[in-house]
Amino acid sequence: MTKQELAPIREKIGTSVHIEECEALYDLVGRIPRGNVVEVGSANGGSALYLAEASRLVGKKVFCVDPYPESLENTKEENGWYGKGMCNSMYEKFKMHILQKYEHVTHYRSSIPECYKQLPNELSVIFIDGRHDYPYPFIDFIYLYPRLAVGGALAMHDSGFPGVFPVTAMFKTQCFKETWTVGSVTIGIK
């Protein structure tokens, strides 16, 4: 499917990743010729849909990582975003729209430190959209950046959030040879 054909499915699934950001992720997968894809923070699967479909077209695997932390439900952490029952609801949507439709997608219901040894090296695209409270974005970056192939892309969602900004501030250093922003996603090419 083209990225335009994915738009109505994305709307049905629901996501906080805007359409232009999803389309940029889709384009990144096709732009970078080799290596698999990792997404942190799959939630309902709206952005995973674009990563999965683009990867299917070019023969890549996708590894989605999201612990769906029920321990955060009804707490003030993460800006109180998790309501009661929300994590299980998100996982069920992800399972229905992604896992049951894309055989090349592997899902880890854990955090990056718990599963990173199972992830491949030489990744072509990494999309980090997990917990936004510091130090979680930094932890995801520290574990995954070494697995990114030279010429690969790392994208951070909500790059202006206080907990995410310290990581995206590093994008303008020697970590990346090229950087740009699409909506609230900061992208760097290693």
# chains A, B, ... in the order shown; residues from 1 in each chain; ligands from 1

$ residues_around --residues "Ser159 (chain A)" --least-positions-apart "2" --cutoff "8 Å" --atoms "only C-alpha atoms" --output "list in words"
Met156, His157, Phe161, Val164, Phe165, Thr168, Ser184, Val185 and Thr186 of chain A

$ residues_around --residues "Ala7 (chain A)" --least-positions-apart "3" --cutoff "12 Å" --atoms "only C-alpha atoms" --output "list in words"
Met1, Thr2, Lys3, Gln4, Arg10, Glu11, Lys12, Ile13, Gly14, Thr15, Val17, His18, Ile19, Glu20, Glu21, Cys22, Glu23, Tyr26, Gly46, Ser47, Leu49, Tyr50 and Glu53 of chain A

$ write_last_selection --atoms "N, CA and C atoms" --output "compact mmCIF listing (two decimals), in the first residue's frame"
# COMPACT_ATOMS: atom_id res chain seq x y z
N MET A 1 0.83 -1.19 0.00
CA MET A 1 0.00 0.00 0.00
C MET A 1 0.87 1.25 0.00
N THR A 2 0.39 2.26 -0.63
CA THR A 2 1.09 3.55 -0.59
C THR A 2 0.78 4.23 0.74
N LYS A 3 1.57 5.23 1.06
CA LYS A 3 1.33 5.95 2.31
C LYS A 3 -0.03 6.66 2.29
N GLN A 4 -0.49 7.08 1.12
CA GLN A 4 -1.79 7.71 1.02
C GLN A 4 -2.92 6.71 1.30
N ARG A 10 -4.94 4.42 9.39
CA ARG A 10 -4.32 5.14 10.50
C ARG A 10 -5.37 5.84 11.34
N GLU A 11 -6.33 6.49 10.67
CA GLU A 11 -7.40 7.19 11.38
C GLU A 11 -8.23 6.22 12.22
N LYS A 12 -8.49 5.05 11.67
CA LYS A 12 -9.27 4.03 12.39
C LYS A 12 -8.52 3.53 13.62
N ILE A 13 -7.22 3.31 13.47
CA ILE A 13 -6.40 2.82 14.59
C ILE A 13 -6.28 3.88 15.67
N GLY A 14 -6.00 5.10 15.25
CA GLY A 14 -5.76 6.20 16.19
C GLY A 14 -4.30 6.27 16.58
N THR A 15 -3.77 7.48 16.58
CA THR A 15 -2.36 7.69 16.94
C THR A 15 -2.14 9.17 17.26
N VAL A 17 0.78 10.38 16.50
CA VAL A 17 1.78 10.72 15.50
C VAL A 17 1.02 11.25 14.28
N HIS A 18 1.27 12.52 13.94
CA HIS A 18 0.54 13.18 12.86
C HIS A 18 0.83 12.54 11.51
N ILE A 19 -0.06 12.77 10.58
CA ILE A 19 0.03 12.14 9.25
C ILE A 19 1.35 12.44 8.56
N GLU A 20 1.81 13.69 8.59
CA GLU A 20 3.07 14.02 7.92
C GLU A 20 4.26 13.33 8.59
N GLU A 21 4.16 13.10 9.90
CA GLU A 21 5.22 12.38 10.62
C GLU A 21 5.23 10.90 10.23
N CYS A 22 4.04 10.29 10.15
CA CYS A 22 3.93 8.89 9.71
C CYS A 22 4.47 8.73 8.29
N GLU A 23 4.12 9.66 7.42
CA GLU A 23 4.60 9.59 6.04
C GLU A 23 6.11 9.75 5.95
N TYR A 26 7.60 6.41 6.84
CA TYR A 26 7.42 5.52 5.68
C TYR A 26 8.53 5.79 4.65
N GLY A 46 -0.57 3.08 15.16
CA GLY A 46 -0.73 4.01 14.05
C GLY A 46 0.55 4.27 13.28
N SER A 47 1.64 4.54 13.97
CA SER A 47 2.92 4.75 13.28
C SER A 47 3.53 3.42 12.88
N LEU A 49 2.02 0.99 11.67
CA LEU A 49 1.39 0.64 10.40
C LEU A 49 2.25 1.12 9.23
N TYR A 50 2.72 2.36 9.29
CA TYR A 50 3.54 2.93 8.22
C TYR A 50 4.90 2.24 8.15
N GLU A 53 4.27 -1.42 6.76
CA GLU A 53 3.93 -1.48 5.33
C GLU A 53 5.14 -1.10 4.47

$ atom_distance --atom1 "CA of Pro67 (chain A)" --atom2 "CA of Tyr91 (chain A)"
9.2 Å

$ closest_residue --among "A:Ala52, A:Leu144, A:Cys64, A:Leu28" --to "Tyr102 (chain A)" --atoms "only C-alpha atoms"
A:Ala52

$ select_by_dssp --residues "region 9-186 of chain A" --states "helix (DSSP H, G or I)" --output "count of residues only"
79

$ residues_around --residues "Lys172 (chain A)" --least-positions-apart "4" --cutoff "12 Å" --atoms "only C-alpha atoms" --output "list of chain:residue names"
A:Phe165, A:Pro166, A:Val167, A:Thr168, A:Phe176, A:Lys177, A:Glu178, A:Thr179, A:Trp180, A:Thr181, A:Thr186, A:Ile187, A:Gly188, A:Ile189, A:Lys190

$ select_by_dssp --residues "region 70-181 of chain A" --states "strand (DSSP E)" --output "PyMOL selection string"
chain A and resi 105-108+123-128+148-156+178-181

$ write_last_selection --atoms "N, CA and C atoms" --output "mmCIF file, in the first residue's frame"
data_model
loop_
_atom_site.group_PDB
_atom_site.id
_atom_site.type_symbol
_atom_site.label_atom_id
_atom_site.label_comp_id
_atom_site.auth_asym_id
_atom_site.auth_seq_id
_atom_site.Cartn_x
_atom_site.Cartn_y
_atom_site.Cartn_z
ATOM 1 N N VAL A 105 6.618 -8.450 11.504
ATOM 2 C CA VAL A 105 6.693 -7.603 12.699
ATOM 3 C C VAL A 105 6.811 -8.482 13.934
ATOM 4 N N THR A 106 7.827 -8.211 14.734
ATOM 5 C CA THR A 106 8.027 -8.882 16.022
ATOM 6 C C THR A 106 7.739 -7.873 17.109
ATOM 7 N N HIS A 107 7.059 -8.303 18.151
ATOM 8 C CA HIS A 107 6.691 -7.398 19.236
ATOM 9 C C HIS A 107 7.304 -7.874 20.549
ATOM 10 N N TYR A 108 7.887 -6.939 21.279
ATOM 11 C CA TYR A 108 8.394 -7.208 22.627
ATOM 12 C C TYR A 108 7.586 -6.363 23.597
ATOM 13 N N LEU A 123 20.740 -1.415 12.256
ATOM 14 C CA LEU A 123 19.360 -0.993 11.996
ATOM 15 C C LEU A 123 19.340 0.166 11.000
ATOM 16 N N SER A 124 18.329 0.174 10.152
ATOM 17 C CA SER A 124 18.215 1.266 9.174
ATOM 18 C C SER A 124 17.397 2.430 9.719
ATOM 19 N N VAL A 125 16.342 2.129 10.480
ATOM 20 C CA VAL A 125 15.473 3.173 11.034
ATOM 21 C C VAL A 125 15.108 2.809 12.466
ATOM 22 N N ILE A 126 15.233 3.791 13.347
ATOM 23 C CA ILE A 126 14.791 3.666 14.736
ATOM 24 C C ILE A 126 13.832 4.820 14.993
ATOM 25 N N PHE A 127 12.653 4.499 15.502
ATOM 26 C CA PHE A 127 11.677 5.525 15.869
ATOM 27 C C PHE A 127 11.400 5.400 17.356
ATOM 28 N N ILE A 128 11.751 6.435 18.124
ATOM 29 C CA ILE A 128 11.572 6.427 19.573
ATOM 30 C C ILE A 128 10.386 7.319 19.931
ATOM 31 N N LEU A 148 22.403 1.485 15.355
ATOM 32 C CA LEU A 148 22.028 2.165 14.116
ATOM 33 C C LEU A 148 23.187 2.097 13.123
ATOM 34 N N ALA A 149 22.912 1.631 11.917
ATOM 35 C CA ALA A 149 23.931 1.549 10.868
ATOM 36 C C ALA A 149 24.370 2.946 10.446
ATOM 37 N N VAL A 150 25.600 3.070 9.990
ATOM 38 C CA VAL A 150 26.045 4.323 9.394
ATOM 39 C C VAL A 150 25.164 4.573 8.177
ATOM 40 N N GLY A 151 24.590 5.745 8.109
ATOM 41 C CA GLY A 151 23.633 6.077 7.054
ATOM 42 C C GLY A 151 22.188 5.817 7.452
ATOM 43 N N GLY A 152 21.997 5.202 8.632
ATOM 44 C CA GLY A 152 20.653 4.936 9.142
ATOM 45 C C GLY A 152 20.055 6.166 9.804
ATOM 46 N N ALA A 153 18.734 6.122 10.034
ATOM 47 C CA ALA A 153 18.011 7.268 10.594
ATOM 48 C C ALA A 153 17.451 6.937 11.964
ATOM 49 N N LEU A 154 17.599 7.881 12.876
ATOM 50 C CA LEU A 154 16.958 7.797 14.192
ATOM 51 C C LEU A 154 15.987 8.962 14.295
ATOM 52 N N ALA A 155 14.742 8.665 14.645
ATOM 53 C CA ALA A 155 13.701 9.692 14.753
ATOM 54 C C ALA A 155 13.142 9.695 16.164
ATOM 55 N N MET A 156 12.993 10.880 16.733
ATOM 56 C CA MET A 156 12.437 11.060 18.079
ATOM 57 C C MET A 156 11.133 11.836 17.973
ATOM 58 N N GLU A 178 23.415 14.673 9.430
ATOM 59 C CA GLU A 178 22.317 15.458 8.846
ATOM 60 C C GLU A 178 21.129 15.367 9.794
ATOM 61 N N THR A 179 20.445 16.476 10.034
ATOM 62 C CA THR A 179 19.252 16.467 10.888
ATOM 63 C C THR A 179 18.175 17.368 10.290
ATOM 64 N N TRP A 180 16.914 17.033 10.580
ATOM 65 C CA TRP A 180 15.786 17.878 10.190
ATOM 66 C C TRP A 180 14.590 17.508 11.057
ATOM 67 N N THR A 181 13.560 18.313 10.961
ATOM 68 C CA THR A 181 12.358 18.102 11.762
ATOM 69 C C THR A 181 11.142 18.047 10.846
#

$ closest_residue --among "A:Arg109, A:Lys101, A:Met96, A:Gly163" --to "Tyr68 (chain A)" --atoms "only C-alpha atoms"
A:Arg109

$ closest_residue --among "A:Gly59, A:Gly35, A:Pro162, A:Pro120" --to "Tyr136 (chain A)" --atoms "only C-alpha atoms"
A:Pro162

$ residues_around --residues "Ile139 (chain A)" --least-positions-apart "5" --cutoff "9 Å" --atoms "only C-alpha atoms" --output "list in words"
Ile112, Pro113, Tyr134 and Leu144 of chain A
